[in-house]
Amino acid sequence: MNTQTIELDVNKRGCGNNCIRIAQGEGGGTTIKALIYDNGGELSLSGYSSYLVARLPDRIHYYRGSATVSGNTITYVCDESKLASVSGYTDEAYFELKKGSQTVQTERFALDIMRDAREGNTPAKSWDNAVEALEKRAETAVTKGEQAVTDAGKALNNANAAVNICKSATDAANTATAKANAATKSATDAAAAANTAKANADTATNAANAATNATKASKFSADQAAADARKAAEEARGSISPDKRIYLAYDTVGDTDYISLVDTED
């Protein structure tokens, strides 16, 4: 909307007869389109940053605002709240081009700033969007610093809470260690008792084995005695006569008389 086109040369030999008319009270109401030349030839603006610079009509304050570039064309949408803060005429306006350490200015042109009939404009002051950006960054840094202080306070509270949790965990660990030690002692005592019981069981087993062996020996002796008794009984039965009578037999050998039991009558 309301695009005004001018031609400017960086050799600054122009007559300075370009004039842009803007009005107080507007906001983006005027767009300046500047075709840039270098000694009459189109100047490629690739890699350049561009700014509109103007001394305001009060000859005290100035304005510097960013513009866009394409080919050899600079486009600037007016910020009337700043650029038109002072009504009147100024012929000290130009575009500044920067690339690395190089800074180039175009020839000057004029601004005719029409007064807002309602008055009440913001008092004039110098505007430099680079400085304004620095101020905003400073304000942002302050805000971030305050937030960092708040976050640090929260972090401290969290750290204190973590310390308390660690203390509780340490107490719990100490209690668990004491219980583990007690359990270990109980297990050791139980192991000792088990070893004693095993030793007693081994002793009892040995005694039982000895008793078993003695029983076996006694049984063998009893079996042997029974066998001997049966044999003696058989022999006794064989020594008794069929009529169940026993007779005395007298024998004399030399001068000695002998008496013996016999089962037959001679």
# chains A, B, ... in the order shown; residues from 1 in each chain; ligands from 1

call {"tool": "residues_around", "arguments": {"residues": "Gly65 of chain A", "least_positions_apart": "3", "cutoff": "8 Å", "atoms": "only C-alpha atoms", "output": "PDB file with C-alpha atoms, in the first residue's frame"}}
result
ATOM      1  CA  TYR A  51      18.918   0.400   7.213  1.00  0.00           C
ATOM      2  CA  LEU A  52      16.942   3.609   6.706  1.00  0.00           C
ATOM      3  CA  VAL A  53      18.695   6.454   8.557  1.00  0.00           C
ATOM      4  CA  TRP A 127      15.372   5.511  17.565  1.00  0.00           C
ATOM      5  CA  ASP A 128      17.884   2.912  16.510  1.00  0.00           C
ATOM      6  CA  ASN A 129      16.468  -0.552  16.165  1.00  0.00           C
ATOM      7  CA  ALA A 130      19.939  -2.026  16.718  1.00  0.00           C
TER       8      ALA A 130
END

call {"tool": "residues_around", "arguments": {"residues": "Tyr250 of chain A", "least_positions_apart": "2", "cutoff": "7 Å", "atoms": "only C-alpha atoms", "output": "PyMOL selection string"}}
result
chain A and resi 248+252+257-260

call {"tool": "write_last_selection", "arguments": {"atoms": "C-alpha atoms", "output": "PDB file, in the first residue's frame"}}
result
ATOM      1  CA  LEU A 248      25.435-149.894  85.956  1.00  0.00           C
ATOM      2  CA  THR A 252      38.108-153.668  87.351  1.00  0.00           C
ATOM      3  CA  ASP A 257      37.144-150.611  90.154  1.00  0.00           C
ATOM      4  CA  TYR A 258      35.186-148.496  87.689  1.00  0.00           C
ATOM      5  CA  ILE A 259      31.438-147.922  87.493  1.00  0.00           C
ATOM      6  CA  SER A 260      29.813-146.615  84.305  1.00  0.00           C
TER       7      SER A 260
END

call {"tool": "closest_residue", "arguments": {"among": "A:Lys82, A:Lys125, A:Lys12, A:Lys99", "to": "Ile113 of chain A", "atoms": "only C-alpha atoms"}}
result
A:Lys82

call {"tool": "residues_around", "arguments": {"residues": "segment 29-35 of chain A", "least_positions_apart": "4", "cutoff": "6 Å", "atoms": "only C-alpha atoms", "output": "list in words"}}
result
Asn2, Thr3, Gln4, Thr5, Ile6, Glu7, Asn72, Thr73, Ile74, Thr75, Tyr76, Val77 and Cys78 of chain A

call {"tool": "select_by_dssp", "arguments": {"residues": "segment 73-155 of chain A", "states": "strand (DSSP E)", "output": "MDAnalysis selection string"}}
result
chainID A and resid 73:77 88:99 102:105 109:114 127:128

call {"tool": "write_last_selection", "arguments": {"atoms": "C-alpha atoms", "output": "JSON list (two decimals), in the first residue's frame"}}
result
[["chain", "number", "residue", "atom", "x", "y", "z"],
["A", 73, "THR", "CA", 16.16, -2.97, -4.49],
["A", 74, "ILE", "CA", 15.72, -1.87, -0.88],
["A", 75, "THR", "CA", 12.22, -2.06, 0.59],
["A", 76, "TYR", "CA", 11.32, -0.27, 3.79],
["A", 77, "VAL", "CA", 7.87, -0.23, 5.43],
["A", 88, "GLY", "CA", 8.14, 18.81, 9.41],
["A", 89, "TYR", "CA", 10.71, 18.51, 6.64],
["A", 90, "THR", "CA", 14.16, 16.93, 6.65],
["A", 91, "ASP", "CA", 16.56, 16.41, 3.76],
["A", 92, "GLU", "CA", 18.89, 14.18, 5.77],
["A", 93, "ALA", "CA", 17.57, 10.72, 4.97],
["A", 94, "TYR", "CA", 19.52, 7.90, 3.29],
["A", 95, "PHE", "CA", 19.97, 4.13, 3.22],
["A", 96, "GLU", "CA", 22.97, 2.54, 4.90],
["A", 97, "LEU", "CA", 24.39, -0.72, 3.51],
["A", 98, "LYS", "CA", 26.61, -3.02, 5.59],
["A", 99, "LYS", "CA", 28.55, -6.14, 4.62],
["A", 102, "GLN", "CA", 32.19, -2.40, 4.89],
["A", 103, "THR", "CA", 29.59, 0.36, 5.33],
["A", 104, "VAL", "CA", 28.18, 2.27, 2.32],
["A", 105, "GLN", "CA", 25.63, 5.11, 2.23],
["A", 109, "PHE", "CA", 16.73, 12.25, 0.00],
["A", 110, "ALA", "CA", 14.01, 14.20, 1.80],
["A", 111, "LEU", "CA", 11.15, 13.25, 4.10],
["A", 112, "ASP", "CA", 8.06, 15.45, 4.38],
["A", 113, "ILE", "CA", 6.32, 14.44, 7.60],
["A", 114, "MET", "CA", 2.75, 15.74, 7.84],
["A", 127, "TRP", "CA", 15.37, 5.51, 17.56],
["A", 128, "ASP", "CA", 17.88, 2.91, 16.51]]

call {"tool": "select_by_dssp", "arguments": {"residues": "segment 10-253 of chain A", "states": "helix (DSSP H, G or I)", "output": "count of residues only"}}
result
115

call {"tool": "residues_around", "arguments": {"residues": "Gly40 of chain A", "least_positions_apart": "5", "cutoff": "10 Å", "atoms": "only C-alpha atoms", "output": "list of chain:residue names"}}
result
A:Leu8, A:Asp9, A:Val10, A:Asn11

call {"tool": "residues_around", "arguments": {"residues": "Gly25 of chain A", "least_positions_apart": "6", "cutoff": "12 Å", "atoms": "only C-alpha atoms", "output": "PDB file with N, CA and C atoms, in the first residue's frame"}}
result
ATOM      1  N   CYS A  78       7.419   1.916   6.476  1.00  0.00           N
ATOM      2  CA  CYS A  78       7.599   2.958   7.488  1.00  0.00           C
ATOM      3  C   CYS A  78       6.969   2.584   8.827  1.00  0.00           C
ATOM      4  N   ASP A  79       7.721   2.866   9.882  1.00  0.00           N
ATOM      5  CA  ASP A  79       7.197   2.774  11.251  1.00  0.00           C
ATOM      6  C   ASP A  79       6.949   4.212  11.696  1.00  0.00           C
ATOM      7  N   GLU A  80       5.755   4.715  11.366  1.00  0.00           N
ATOM      8  CA  GLU A  80       5.473   6.132  11.588  1.00  0.00           C
ATOM      9  C   GLU A  80       5.526   6.534  13.053  1.00  0.00           C
ATOM     10  N   SER A  81       5.258   5.599  13.962  1.00  0.00           N
ATOM     11  CA  SER A  81       5.270   5.959  15.384  1.00  0.00           C
ATOM     12  C   SER A  81       6.645   6.449  15.820  1.00  0.00           C
ATOM     13  N   LYS A  82       7.683   6.055  15.093  1.00  0.00           N
ATOM     14  CA  LYS A  82       9.044   6.478  15.433  1.00  0.00           C
ATOM     15  C   LYS A  82       9.584   7.455  14.389  1.00  0.00           C
ATOM     16  N   LEU A  83       9.496   7.041  13.111  1.00  0.00           N
ATOM     17  CA  LEU A  83      10.053   7.881  12.047  1.00  0.00           C
ATOM     18  C   LEU A  83       9.318   9.219  11.945  1.00  0.00           C
ATOM     19  N   ALA A  84       8.012   9.218  12.234  1.00  0.00           N
ATOM     20  CA  ALA A  84       7.216  10.447  12.103  1.00  0.00           C
ATOM     21  C   ALA A  84       6.870  11.047  13.459  1.00  0.00           C
ATOM     22  N   SER A  85       7.708  10.794  14.453  1.00  0.00           N
ATOM     23  CA  SER A  85       7.406  11.333  15.784  1.00  0.00           C
ATOM     24  C   SER A  85       7.524  12.852  15.832  1.00  0.00           C
ATOM     25  N   VAL A  86       8.239  13.437  14.849  1.00  0.00           N
ATOM     26  CA  VAL A  86       8.351  14.901  14.742  1.00  0.00           C
ATOM     27  C   VAL A  86       7.869  15.289  13.350  1.00  0.00           C
ATOM     28  N   SER A  87       6.904  16.187  13.281  1.00  0.00           N
ATOM     29  CA  SER A  87       6.413  16.624  11.965  1.00  0.00           C
ATOM     30  C   SER A  87       7.358  17.677  11.388  1.00  0.00           C
ATOM     31  N   ILE A 113       7.144  15.110   6.585  1.00  0.00           N
ATOM     32  CA  ILE A 113       6.317  14.444   7.596  1.00  0.00           C
ATOM     33  C   ILE A 113       5.157  15.365   7.950  1.00  0.00           C
ATOM     34  N   MET A 114       3.943  14.926   7.619  1.00  0.00           N
ATOM     35  CA  MET A 114       2.755  15.740   7.845  1.00  0.00           C
ATOM     36  C   MET A 114       2.245  15.536   9.270  1.00  0.00           C
ATOM     37  N   ARG A 115       1.787  16.637   9.867  1.00  0.00           N
ATOM     38  CA  ARG A 115       1.340  16.620  11.251  1.00  0.00           C
ATOM     39  C   ARG A 115       0.018  15.872  11.374  1.00  0.00           C
ATOM     40  N   ASP A 116      -0.113  15.144  12.489  1.00  0.00           N
ATOM     41  CA  ASP A 116      -1.382  14.506  12.831  1.00  0.00           C
ATOM     42  C   ASP A 116      -2.279  15.559  13.469  1.00  0.00           C
ATOM     43  N   ALA A 117      -3.470  15.744  12.918  1.00  0.00           N
ATOM     44  CA  ALA A 117      -4.371  16.781  13.410  1.00  0.00           C
ATOM     45  C   ALA A 117      -4.776  16.548  14.860  1.00  0.00           C
ATOM     46  N   ARG A 118      -4.664  15.318  15.320  1.00  0.00           N
ATOM     47  CA  ARG A 118      -5.087  15.013  16.689  1.00  0.00           C
ATOM     48  C   ARG A 118      -4.009  15.339  17.715  1.00  0.00           C
ATOM     49  N   GLU A 119      -2.828  15.665  17.258  1.00  0.00           N
ATOM     50  CA  GLU A 119      -1.709  15.919  18.166  1.00  0.00           C
ATOM     51  C   GLU A 119      -1.520  14.718  19.099  1.00  0.00           C
ATOM     52  N   GLY A 120      -0.962  14.986  20.263  1.00  0.00           N
ATOM     53  CA  GLY A 120      -0.806  13.937  21.276  1.00  0.00           C
ATOM     54  C   GLY A 120       0.155  12.837  20.875  1.00  0.00           C
ATOM     55  N   ASN A 121       1.088  13.118  19.970  1.00  0.00           N
ATOM     56  CA  ASN A 121       2.056  12.097  19.590  1.00  0.00           C
ATOM     57  C   ASN A 121       3.076  11.878  20.704  1.00  0.00           C
ATOM     58  N   THR A 122       3.694  10.724  20.662  1.00  0.00           N
ATOM     59  CA  THR A 122       4.747  10.427  21.630  1.00  0.00           C
ATOM     60  C   THR A 122       5.872  11.438  21.462  1.00  0.00           C
TER      61      THR A 122
END
